[in-house]
Amino acid sequence: MKKGFSRLTALAMLTALVVVLQTAATFIRFGSFPITLTLIPIVVAGALYGIGSGAFLGTVFGLVVLLMVLTGADGSGQMMLALHPLITSAACVVKGTLCGTAAAAIYRLLARRNEKAAVILAAAVCPLVNTGVLYLVLVLFFDTPWAAVLSAFMSINFLLELAVNIALAPAVLRIITLRRVPV
């Protein structure tokens, strides 16, 4: 019972952290797109509790992004929404779910061989998938001049997100290591 409760509590706290960080990050911009600060809690959830938890927190992240787009807080998302509302809505949620799933899967695949490498690669894959899916959506569905400009700014955001995630990877490793020690 205690193990299930602590997992539920941890996931609830990580979920709250994702909601707060992504809402705040909507107003931090480098170019047109807001920077994503919520990827580390997603990596932590995936590493500690598995692929389902990584996917869950990724979906929460995607839903918060969609909410910011729908309320007008994310201007670049609003431009996409005006052209293709269903594709934009689906992209917001799907990219989040996939980045959480991919990060957790990479961690699970590599953790037994080299946990440090597993954490670093999971932290790197998360922004790669998040930005990669958005870029793919722009290329496939938004053949407009501003899509090229948005893509250029996405590259800057991606590099910042990747750098932050890799810089925080040692902290993620420490959290995972501490979590294994019985209390």
# chains A, B, ... in the order shown; residues from 1 in each chain; ligands from 1
call {"tool": "residues_around", "arguments": {"residues": "Leu21 in chain A", "least_positions_apart": "6", "cutoff": "10 Å", "atoms": "only C-alpha atoms", "output": "JSON, numbers by chain"}}
result
{"A": [15, 36, 37, 38, 39, 41, 61, 64]}
call {"tool": "select_by_dssp", "arguments": {"residues": "chain A", "states": "alpha helix (DSSP H)", "output": "tab-separated table (two decimals) with N, CA and C atoms, in the first residue's frame"}}
result
chain	number	residue	atom	x	y	z
A	2	LYS	N	1.92	1.26	0.85
A	2	LYS	CA	2.78	2.43	0.94
A	2	LYS	C	3.48	2.72	-0.39
A	3	LYS	N	3.93	1.66	-1.08
A	3	LYS	CA	4.61	1.84	-2.36
A	3	LYS	C	3.67	2.46	-3.39
A	4	GLY	N	2.44	1.96	-3.49
A	4	GLY	CA	1.47	2.51	-4.43
A	4	GLY	C	1.12	3.95	-4.10
A	5	PHE	N	1.00	4.25	-2.80
A	5	PHE	CA	0.68	5.60	-2.39
A	5	PHE	C	1.81	6.56	-2.72
A	6	SER	N	3.05	6.14	-2.47
A	6	SER	CA	4.17	7.04	-2.75
A	6	SER	C	4.31	7.28	-4.26
A	7	ARG	N	4.03	6.27	-5.06
A	7	ARG	CA	4.07	6.45	-6.52
A	7	ARG	C	2.98	7.42	-6.96
A	8	LEU	N	1.79	7.26	-6.44
A	8	LEU	CA	0.68	8.16	-6.77
A	8	LEU	C	1.00	9.58	-6.34
A	9	THR	N	1.56	9.72	-5.15
A	9	THR	CA	1.93	11.04	-4.64
A	9	THR	C	3.00	11.68	-5.52
A	10	ALA	N	4.02	10.91	-5.86
A	10	ALA	CA	5.10	11.44	-6.70
A	10	ALA	C	4.57	11.85	-8.07
A	11	LEU	N	3.73	11.02	-8.67
A	11	LEU	CA	3.17	11.37	-9.99
A	11	LEU	C	2.28	12.61	-9.90
A	12	ALA	N	1.55	12.74	-8.80
A	12	ALA	CA	0.71	13.94	-8.62
A	12	ALA	C	1.57	15.19	-8.51
A	13	MET	N	2.67	15.08	-7.76
A	13	MET	CA	3.56	16.24	-7.63
A	13	MET	C	4.24	16.57	-8.96
A	14	LEU	N	4.67	15.55	-9.68
A	14	LEU	CA	5.30	15.79	-10.98
A	14	LEU	C	4.28	16.37	-11.97
A	15	THR	N	3.04	15.92	-11.89
A	15	THR	CA	1.98	16.46	-12.75
A	15	THR	C	1.76	17.94	-12.45
A	16	ALA	N	1.68	18.28	-11.17
A	16	ALA	CA	1.51	19.69	-10.78
A	16	ALA	C	2.70	20.52	-11.26
A	17	LEU	N	3.89	19.96	-11.14
A	17	LEU	CA	5.10	20.66	-11.60
A	17	LEU	C	5.04	20.92	-13.11
A	18	VAL	N	4.60	19.93	-13.87
A	18	VAL	CA	4.48	20.09	-15.32
A	18	VAL	C	3.48	21.20	-15.65
A	19	VAL	N	2.35	21.21	-14.98
A	19	VAL	CA	1.32	22.22	-15.25
A	19	VAL	C	1.86	23.62	-14.94
A	20	VAL	N	2.47	23.78	-13.78
A	20	VAL	CA	2.96	25.10	-13.36
A	20	VAL	C	4.11	25.56	-14.26
A	21	LEU	N	5.08	24.68	-14.49
A	21	LEU	CA	6.23	25.07	-15.32
A	21	LEU	C	5.83	25.41	-16.75
A	22	GLN	N	4.95	24.61	-17.34
A	22	GLN	CA	4.57	24.88	-18.73
A	22	GLN	C	3.72	26.14	-18.83
A	23	THR	N	2.86	26.37	-17.86
A	23	THR	CA	2.06	27.60	-17.88
A	23	THR	C	2.97	28.82	-17.77
A	24	ALA	N	3.94	28.77	-16.86
A	24	ALA	CA	4.89	29.89	-16.72
A	24	ALA	C	5.77	30.02	-17.95
A	25	ALA	N	6.19	28.90	-18.51
A	25	ALA	CA	7.10	28.92	-19.66
A	25	ALA	C	6.45	29.48	-20.91
A	39	LEU	N	10.26	19.34	-19.54
A	39	LEU	CA	10.70	18.03	-20.02
A	39	LEU	C	11.43	17.22	-18.96
A	40	ILE	N	12.12	17.86	-18.04
A	40	ILE	CA	12.82	17.11	-16.99
A	40	ILE	C	11.86	16.34	-16.08
A	41	PRO	N	10.76	16.94	-15.59
A	41	PRO	CA	9.83	16.12	-14.80
A	41	PRO	C	9.26	14.94	-15.58
A	42	ILE	N	9.11	15.11	-16.88
A	42	ILE	CA	8.62	14.01	-17.72
A	42	ILE	C	9.66	12.89	-17.77
A	43	VAL	N	10.94	13.26	-17.91
A	43	VAL	CA	12.02	12.27	-17.92
A	43	VAL	C	12.09	11.55	-16.56
A	44	VAL	N	11.97	12.30	-15.48
A	44	VAL	CA	12.01	11.71	-14.13
A	44	VAL	C	10.88	10.68	-13.97
A	45	ALA	N	9.68	11.05	-14.36
A	45	ALA	CA	8.53	10.13	-14.24
A	45	ALA	C	8.75	8.86	-15.06
A	46	GLY	N	9.23	9.04	-16.28
A	46	GLY	CA	9.47	7.88	-17.14
A	46	GLY	C	10.55	6.96	-16.59
A	47	ALA	N	11.61	7.56	-16.04
A	47	ALA	CA	12.71	6.76	-15.49
A	47	ALA	C	12.28	6.04	-14.21
A	48	LEU	N	11.56	6.72	-13.35
A	48	LEU	CA	11.18	6.12	-12.07
A	48	LEU	C	10.01	5.15	-12.18
A	49	TYR	N	9.03	5.48	-13.01
A	49	TYR	CA	7.77	4.74	-12.97
A	49	TYR	C	7.38	4.09	-14.30
A	51	ILE	N	7.18	3.61	-18.78
A	51	ILE	CA	6.73	4.23	-20.03
A	51	ILE	C	5.34	4.84	-19.89
A	52	GLY	N	4.45	4.16	-19.21
A	52	GLY	CA	3.10	4.69	-19.03
A	52	GLY	C	3.10	6.03	-18.29
A	53	SER	N	3.95	6.15	-17.29
A	53	SER	CA	4.03	7.39	-16.53
A	53	SER	C	4.67	8.51	-17.36
A	54	GLY	N	5.69	8.16	-18.14
A	54	GLY	CA	6.28	9.15	-19.03
A	54	GLY	C	5.28	9.63	-20.06
A	55	ALA	N	4.51	8.70	-20.62
A	55	ALA	CA	3.47	9.06	-21.59
A	55	ALA	C	2.38	9.91	-20.94
A	56	PHE	N	2.01	9.56	-19.71
A	56	PHE	CA	0.97	10.32	-19.00
A	56	PHE	C	1.40	11.77	-18.79
A	57	LEU	N	2.62	11.96	-18.24
A	57	LEU	CA	3.08	13.33	-18.00
A	57	LEU	C	3.30	14.08	-19.31
A	58	GLY	N	3.74	13.37	-20.34
A	58	GLY	CA	3.86	14.00	-21.66
A	58	GLY	C	2.50	14.47	-22.18
A	59	THR	N	1.48	13.67	-21.94
A	59	THR	CA	0.12	14.05	-22.36
A	59	THR	C	-0.37	15.26	-21.58
A	60	VAL	N	-0.08	15.28	-20.27
A	60	VAL	CA	-0.45	16.45	-19.46
A	60	VAL	C	0.23	17.70	-20.02
A	61	PHE	N	1.51	17.58	-20.32
A	61	PHE	CA	2.25	18.68	-20.94
A	61	PHE	C	1.57	19.13	-22.23
A	62	GLY	N	1.22	18.18	-23.09
A	62	GLY	CA	0.56	18.50	-24.35
A	62	GLY	C	-0.78	19.18	-24.15
A	63	LEU	N	-1.53	18.75	-23.15
A	63	LEU	CA	-2.83	19.38	-22.87
A	63	LEU	C	-2.67	20.81	-22.36
A	64	VAL	N	-1.63	21.05	-21.57
A	64	VAL	CA	-1.36	22.42	-21.10
A	64	VAL	C	-0.96	23.30	-22.29
A	65	VAL	N	-0.13	22.77	-23.18
A	65	VAL	CA	0.24	23.52	-24.38
A	65	VAL	C	-1.01	23.84	-25.19
A	66	LEU	N	-1.87	22.86	-25.38
A	66	LEU	CA	-3.12	23.08	-26.13
A	66	LEU	C	-3.98	24.14	-25.45
A	67	LEU	N	-4.08	24.10	-24.14
A	67	LEU	CA	-4.84	25.11	-23.41
A	67	LEU	C	-4.27	26.51	-23.64
A	68	MET	N	-2.94	26.62	-23.64
A	68	MET	CA	-2.30	27.92	-23.88
A	68	MET	C	-2.55	28.40	-25.31
A	69	VAL	N	-2.59	27.47	-26.25
A	69	VAL	CA	-2.90	27.83	-27.64
A	69	VAL	C	-4.35	28.29	-27.75
A	70	LEU	N	-5.26	27.54	-27.16
A	70	LEU	CA	-6.69	27.87	-27.26
A	70	LEU	C	-7.05	29.18	-26.57
A	71	THR	N	-6.32	29.52	-25.51
A	71	THR	CA	-6.61	30.76	-24.79
A	71	THR	C	-5.89	31.97	-25.39
A	75	GLY	N	1.01	32.66	-29.07
A	75	GLY	CA	0.68	33.31	-30.35
A	75	GLY	C	1.01	32.48	-31.58
A	76	SER	N	2.16	31.80	-31.56
A	76	SER	CA	2.53	30.98	-32.71
A	76	SER	C	1.57	29.80	-32.86
A	77	GLY	N	1.17	29.24	-31.74
A	77	GLY	CA	0.17	28.17	-31.78
A	77	GLY	C	-1.17	28.68	-32.29
A	78	GLN	N	-1.49	29.92	-31.95
A	78	GLN	CA	-2.73	30.53	-32.45
A	78	GLN	C	-2.72	30.66	-33.97
A	79	MET	N	-1.56	31.02	-34.53
A	79	MET	CA	-1.46	31.11	-35.99
A	79	MET	C	-1.69	29.75	-36.63
A	80	MET	N	-1.12	28.71	-36.03
A	80	MET	CA	-1.32	27.36	-36.55
A	80	MET	C	-2.78	26.94	-36.39
A	81	LEU	N	-3.36	27.28	-35.26
A	81	LEU	CA	-4.75	26.92	-34.97
A	81	LEU	C	-5.70	27.56	-35.99
A	82	ALA	N	-5.42	28.79	-36.40
A	82	ALA	CA	-6.27	29.48	-37.37
A	82	ALA	C	-6.30	28.76	-38.72
A	83	LEU	N	-5.18	28.15	-39.10
A	83	LEU	CA	-5.11	27.47	-40.39
A	83	LEU	C	-5.63	26.04	-40.33
A	85	PRO	N	-7.14	23.83	-37.27
A	85	PRO	CA	-7.43	23.64	-35.85
A	85	PRO	C	-7.28	22.20	-35.35
A	86	LEU	N	-7.74	21.23	-36.10
A	86	LEU	CA	-7.66	19.85	-35.64
A	86	LEU	C	-6.22	19.33	-35.63
A	87	ILE	N	-5.49	19.65	-36.68
A	87	ILE	CA	-4.09	19.22	-36.76
A	87	ILE	C	-3.28	19.87	-35.65
A	88	THR	N	-3.50	21.15	-35.41
A	88	THR	CA	-2.77	21.85	-34.35
A	88	THR	C	-3.10	21.27	-32.98
A	89	SER	N	-4.38	21.02	-32.73
A	89	SER	CA	-4.79	20.46	-31.44
A	89	SER	C	-4.18	19.08	-31.24
A	90	ALA	N	-4.25	18.25	-32.26
A	90	ALA	CA	-3.68	16.90	-32.16
A	90	ALA	C	-2.17	16.96	-31.98
A	91	ALA	N	-1.51	17.86	-32.70
A	91	ALA	CA	-0.05	17.98	-32.61
A	91	ALA	C	0.38	18.36	-31.20
A	92	CYS	N	-0.34	19.26	-30.57
A	92	CYS	CA	0.01	19.68	-29.21
A	92	CYS	C	0.05	18.49	-28.26
A	93	VAL	N	-0.98	17.66	-28.32
A	93	VAL	CA	-1.09	16.54	-27.39
A	93	VAL	C	-0.18	15.39	-27.79
A	94	VAL	N	-0.16	15.06	-29.08
A	94	VAL	CA	0.62	13.91	-29.55
A	94	VAL	C	2.11	14.12	-29.34
A	95	LYS	N	2.62	15.31	-29.61
A	95	LYS	CA	4.06	15.54	-29.44
A	95	LYS	C	4.46	15.38	-27.98
A	96	GLY	N	3.62	15.81	-27.07
A	96	GLY	CA	3.89	15.64	-25.65
A	96	GLY	C	3.89	14.17	-25.24
A	97	THR	N	2.88	13.46	-25.68
A	97	THR	CA	2.78	12.03	-25.35
A	97	THR	C	3.98	11.27	-25.90
A	98	LEU	N	4.34	11.56	-27.14
A	98	LEU	CA	5.47	10.85	-27.76
A	98	LEU	C	6.81	11.18	-27.09
A	99	CYS	N	7.00	12.43	-26.69
A	99	CYS	CA	8.29	12.76	-26.05
A	99	CYS	C	8.41	12.07	-24.71
A	100	GLY	N	7.33	11.96	-23.95
A	100	GLY	CA	7.36	11.23	-22.69
A	100	GLY	C	7.57	9.74	-22.88
A	101	THR	N	6.89	9.19	-23.87
A	101	THR	CA	7.03	7.77	-24.17
A	101	THR	C	8.44	7.44	-24.62
A	102	ALA	N	8.98	8.24	-25.52
A	102	ALA	CA	10.32	7.99	-26.06
A	102	ALA	C	11.40	8.11	-24.98
A	103	ALA	N	11.30	9.12	-24.14
A	103	ALA	CA	12.29	9.30	-23.08
A	103	ALA	C	12.28	8.10	-22.12
A	104	ALA	N	11.09	7.68	-21.73
A	104	ALA	CA	10.97	6.54	-20.81
A	104	ALA	C	11.48	5.25	-21.47
A	105	ALA	N	11.16	5.07	-22.74
A	105	ALA	CA	11.59	3.85	-23.45
A	105	ALA	C	13.11	3.81	-23.59
A	106	ILE	N	13.72	4.93	-23.91
A	106	ILE	CA	15.18	5.00	-24.02
A	106	ILE	C	15.82	4.69	-22.67
A	107	TYR	N	15.27	5.27	-21.62
A	107	TYR	CA	15.82	5.00	-20.28
A	107	TYR	C	15.72	3.51	-19.96
A	108	ARG	N	14.55	2.93	-20.17
A	108	ARG	CA	14.34	1.51	-19.86
A	108	ARG	C	15.27	0.61	-20.68
A	109	LEU	N	15.47	0.98	-21.92
A	109	LEU	CA	16.30	0.18	-22.81
A	109	LEU	C	17.77	0.17	-22.38
A	110	LEU	N	18.26	1.29	-21.88
A	110	LEU	CA	19.69	1.44	-21.60
A	110	LEU	C	20.08	1.39	-20.12
A	115	GLU	N	23.40	3.40	-16.51
A	115	GLU	CA	22.32	4.29	-16.07
A	115	GLU	C	22.61	5.76	-16.39
A	116	LYS	N	23.86	6.16	-16.27
A	116	LYS	CA	24.22	7.55	-16.57
A	116	LYS	C	23.93	7.86	-18.05
A	117	ALA	N	24.35	6.99	-18.93
A	117	ALA	CA	24.07	7.17	-20.36
A	117	ALA	C	22.57	7.13	-20.64
A	118	ALA	N	21.86	6.27	-19.93
A	118	ALA	CA	20.41	6.16	-20.11
A	118	ALA	C	19.71	7.47	-19.77
A	119	VAL	N	20.13	8.09	-18.67
A	119	VAL	CA	19.53	9.36	-18.24
A	119	VAL	C	19.86	10.47	-19.24
A	120	ILE	N	21.12	10.55	-19.64
A	120	ILE	CA	21.52	11.61	-20.58
A	120	ILE	C	20.78	11.45	-21.91
A	121	LEU	N	20.72	10.24	-22.43
A	121	LEU	CA	20.02	10.03	-23.71
A	121	LEU	C	18.52	10.25	-23.59
A	122	ALA	N	17.92	9.84	-22.48
A	122	ALA	CA	16.49	10.09	-22.28
A	122	ALA	C	16.22	11.59	-22.21
A	123	ALA	N	17.10	12.32	-21.51
A	123	ALA	CA	16.95	13.77	-21.40
A	123	ALA	C	17.14	14.44	-22.76
A	124	ALA	N	17.98	13.88	-23.62
A	124	ALA	CA	18.20	14.45	-24.96
A	124	ALA	C	17.07	14.08	-25.93
A	125	VAL	N	16.56	12.86	-25.81
A	125	VAL	CA	15.51	12.40	-26.73
A	125	VAL	C	14.20	13.17	-26.51
A	126	CYS	N	13.94	13.55	-25.28
A	126	CYS	CA	12.68	14.23	-24.97
A	126	CYS	C	12.48	15.51	-25.80
A	127	PRO	N	13.42	16.48	-25.78
A	127	PRO	CA	13.22	17.66	-26.62
A	127	PRO	C	13.35	17.35	-28.12
A	128	LEU	N	14.15	16.35	-28.45
A	128	LEU	CA	14.28	15.97	-29.86
A	128	LEU	C	12.94	15.51	-30.44
A	129	VAL	N	12.25	14.67	-29.72
A	129	VAL	CA	10.95	14.18	-30.18
A	129	VAL	C	9.92	15.32	-30.14
A	130	ASN	N	9.91	16.09	-29.06
A	130	ASN	CA	8.95	17.19	-28.93
A	130	ASN	C	9.08	18.17	-30.10
A	131	THR	N	10.29	18.63	-30.36
A	131	THR	CA	10.51	19.58	-31.45
A	131	THR	C	10.39	18.90	-32.81
A	132	GLY	N	10.88	17.67	-32.91
A	132	GLY	CA	10.83	16.95	-34.18
A	132	GLY	C	9.41	16.73	-34.68
A	133	VAL	N	8.51	16.36	-33.79
A	133	VAL	CA	7.11	16.16	-34.19
A	133	VAL	C	6.50	17.48	-34.63
A	134	LEU	N	6.76	18.56	-33.89
A	134	LEU	CA	6.22	19.87	-34.28
A	134	LEU	C	6.78	20.30	-35.63
A	135	TYR	N	8.06	20.10	-35.83
A	135	TYR	CA	8.68	20.45	-37.12
A	135	TYR	C	8.05	19.64	-38.25
A	136	LEU	N	7.85	18.36	-38.03
A	136	LEU	CA	7.22	17.49	-39.02
A	136	LEU	C	5.81	17.98	-39.36
A	137	VAL	N	5.05	18.37	-38.36
A	137	VAL	CA	3.70	18.90	-38.58
A	137	VAL	C	3.77	20.18	-39.41
A	138	LEU	N	4.72	21.06	-39.10
A	138	LEU	CA	4.86	22.30	-39.88
A	138	LEU	C	5.18	22.00	-41.34
A	139	VAL	N	6.09	21.08	-41.57
A	139	VAL	CA	6.50	20.74	-42.94
A	139	VAL	C	5.36	20.09	-43.71
A	140	LEU	N	4.64	19.18	-43.07
A	140	LEU	CA	3.60	18.43	-43.77
A	140	LEU	C	2.31	19.22	-43.99
A	141	PHE	N	1.94	20.07	-43.05
A	141	PHE	CA	0.61	20.67	-43.11
A	141	PHE	C	0.58	22.19	-43.24
A	145	PRO	N	4.86	30.84	-45.88
A	145	PRO	CA	6.14	31.51	-45.62
A	145	PRO	C	6.48	31.62	-44.13
A	146	TRP	N	5.48	31.88	-43.29
A	146	TRP	CA	5.78	32.02	-41.86
A	146	TRP	C	6.18	30.70	-41.23
A	147	ALA	N	5.81	29.58	-41.83
A	147	ALA	CA	6.21	28.27	-41.28
A	147	ALA	C	7.73	28.12	-41.32
A	148	ALA	N	8.37	28.65	-42.38
A	148	ALA	CA	9.83	28.59	-42.47
A	148	ALA	C	10.48	29.44	-41.38
A	149	VAL	N	9.90	30.59	-41.11
A	149	VAL	CA	10.42	31.47	-40.05
A	149	VAL	C	10.25	30.80	-38.69
A	150	LEU	N	9.07	30.22	-38.47
A	150	LEU	CA	8.82	29.52	-37.20
A	150	LEU	C	9.80	28.37	-37.01
A	151	SER	N	10.09	27.66	-38.10
A	151	SER	CA	11.02	26.54	-38.02
A	151	SER	C	12.41	27.00	-37.59
A	152	ALA	N	12.84	28.14	-38.09
A	152	ALA	CA	14.15	28.67	-37.71
A	152	ALA	C	14.20	28.98	-36.22
A	153	PHE	N	13.14	29.59	-35.69
A	153	PHE	CA	13.10	29.90	-34.27
A	153	PHE	C	12.97	28.62	-33.42
A	154	MET	N	12.31	27.61	-33.99
A	154	MET	CA	12.21	26.33	-33.28
A	154	MET	C	13.60	25.75	-33.05
A	155	SER	N	14.51	25.97	-33.99
A	155	SER	CA	15.88	25.45	-33.84
A	155	SER	C	16.56	26.06	-32.63
A	156	ILE	N	16.37	27.36	-32.42
A	156	ILE	CA	16.95	28.04	-31.27
A	156	ILE	C	16.35	27.47	-29.99
A	157	ASN	N	15.03	27.35	-29.95
A	157	ASN	CA	14.37	26.78	-28.78
A	157	ASN	C	14.84	25.36	-28.51
A	158	PHE	N	14.95	24.57	-29.57
A	158	PHE	CA	15.39	23.19	-29.40
A	158	PHE	C	16.77	23.13	-28.77
A	159	LEU	N	17.69	23.94	-29.25
A	159	LEU	CA	19.05	23.93	-28.71
A	159	LEU	C	19.07	24.34	-27.24
A	160	LEU	N	18.25	25.32	-26.88
A	160	LEU	CA	18.15	25.73	-25.47
A	160	LEU	C	17.56	24.62	-24.62
A	161	GLU	N	16.48	24.01	-25.10
A	161	GLU	CA	15.83	22.93	-24.35
A	161	GLU	C	16.78	21.73	-24.21
A	162	LEU	N	17.49	21.40	-25.26
A	162	LEU	CA	18.44	20.30	-25.22
A	162	LEU	C	19.55	20.59	-24.21
A	163	ALA	N	20.08	21.80	-24.24
A	163	ALA	CA	21.15	22.19	-23.32
A	163	ALA	C	20.67	22.13	-21.86
A	164	VAL	N	19.48	22.63	-21.60
A	164	VAL	CA	18.93	22.59	-20.24
A	164	VAL	C	18.75	21.15	-19.78
A	165	ASN	N	18.18	20.31	-20.65
A	165	ASN	CA	17.95	18.92	-20.27
A	165	ASN	C	19.25	18.17	-20.00
A	166	ILE	N	20.24	18.37	-20.83
A	166	ILE	CA	21.52	17.68	-20.63
A	166	ILE	C	22.22	18.22	-19.37
A	167	ALA	N	22.12	19.53	-19.15
A	167	ALA	CA	22.73	20.11	-17.95
A	167	ALA	C	22.06	19.58	-16.68
A	168	LEU	N	20.77	19.30	-16.75
A	168	LEU	CA	20.04	18.81	-15.57
A	168	LEU	C	20.06	17.28	-15.45
A	169	ALA	N	20.63	16.59	-16.41
A	169	ALA	CA	20.67	15.12	-16.37
A	169	ALA	C	21.34	14.58	-15.10
A	170	PRO	N	22.43	15.18	-14.61
A	170	PRO	CA	23.00	14.68	-13.35
A	170	PRO	C	22.02	14.77	-12.17
A	171	ALA	N	21.21	15.81	-12.15
A	171	ALA	CA	20.20	15.93	-11.08
A	171	ALA	C	19.16	14.83	-11.21
A	172	VAL	N	18.78	14.50	-12.45
A	172	VAL	CA	17.83	13.42	-12.68
A	172	VAL	C	18.43	12.10	-12.19
A	173	LEU	N	19.68	11.87	-12.51
A	173	LEU	CA	20.35	10.65	-12.07
A	173	LEU	C	20.38	10.57	-10.54
A	174	ARG	N	20.63	11.68	-9.90
A	174	ARG	CA	20.64	11.72	-8.43
A	174	ARG	C	19.25	11.40	-7.86
A	175	ILE	N	18.21	11.95	-8.45
A	175	ILE	CA	16.84	11.67	-8.00
A	175	ILE	C	16.54	10.18	-8.13
A	176	ILE	N	16.91	9.61	-9.25
A	176	ILE	CA	16.66	8.18	-9.48
A	176	ILE	C	17.45	7.33	-8.47
A	177	THR	N	18.69	7.70	-8.24
A	177	THR	CA	19.53	6.96	-7.29
A	177	THR	C	18.98	7.07	-5.87
A	178	LEU	N	18.58	8.26	-5.46
A	178	LEU	CA	18.01	8.45	-4.12
A	178	LEU	C	16.70	7.70	-3.95
A	179	ARG	N	15.94	7.62	-5.01
A	179	ARG	CA	14.63	6.97	-4.95
A	179	ARG	C	14.76	5.48	-4.65
A	180	ARG	N	15.87	4.89	-5.03
A	180	ARG	CA	16.08	3.45	-4.81
A	180	ARG	C	16.45	3.12	-3.38
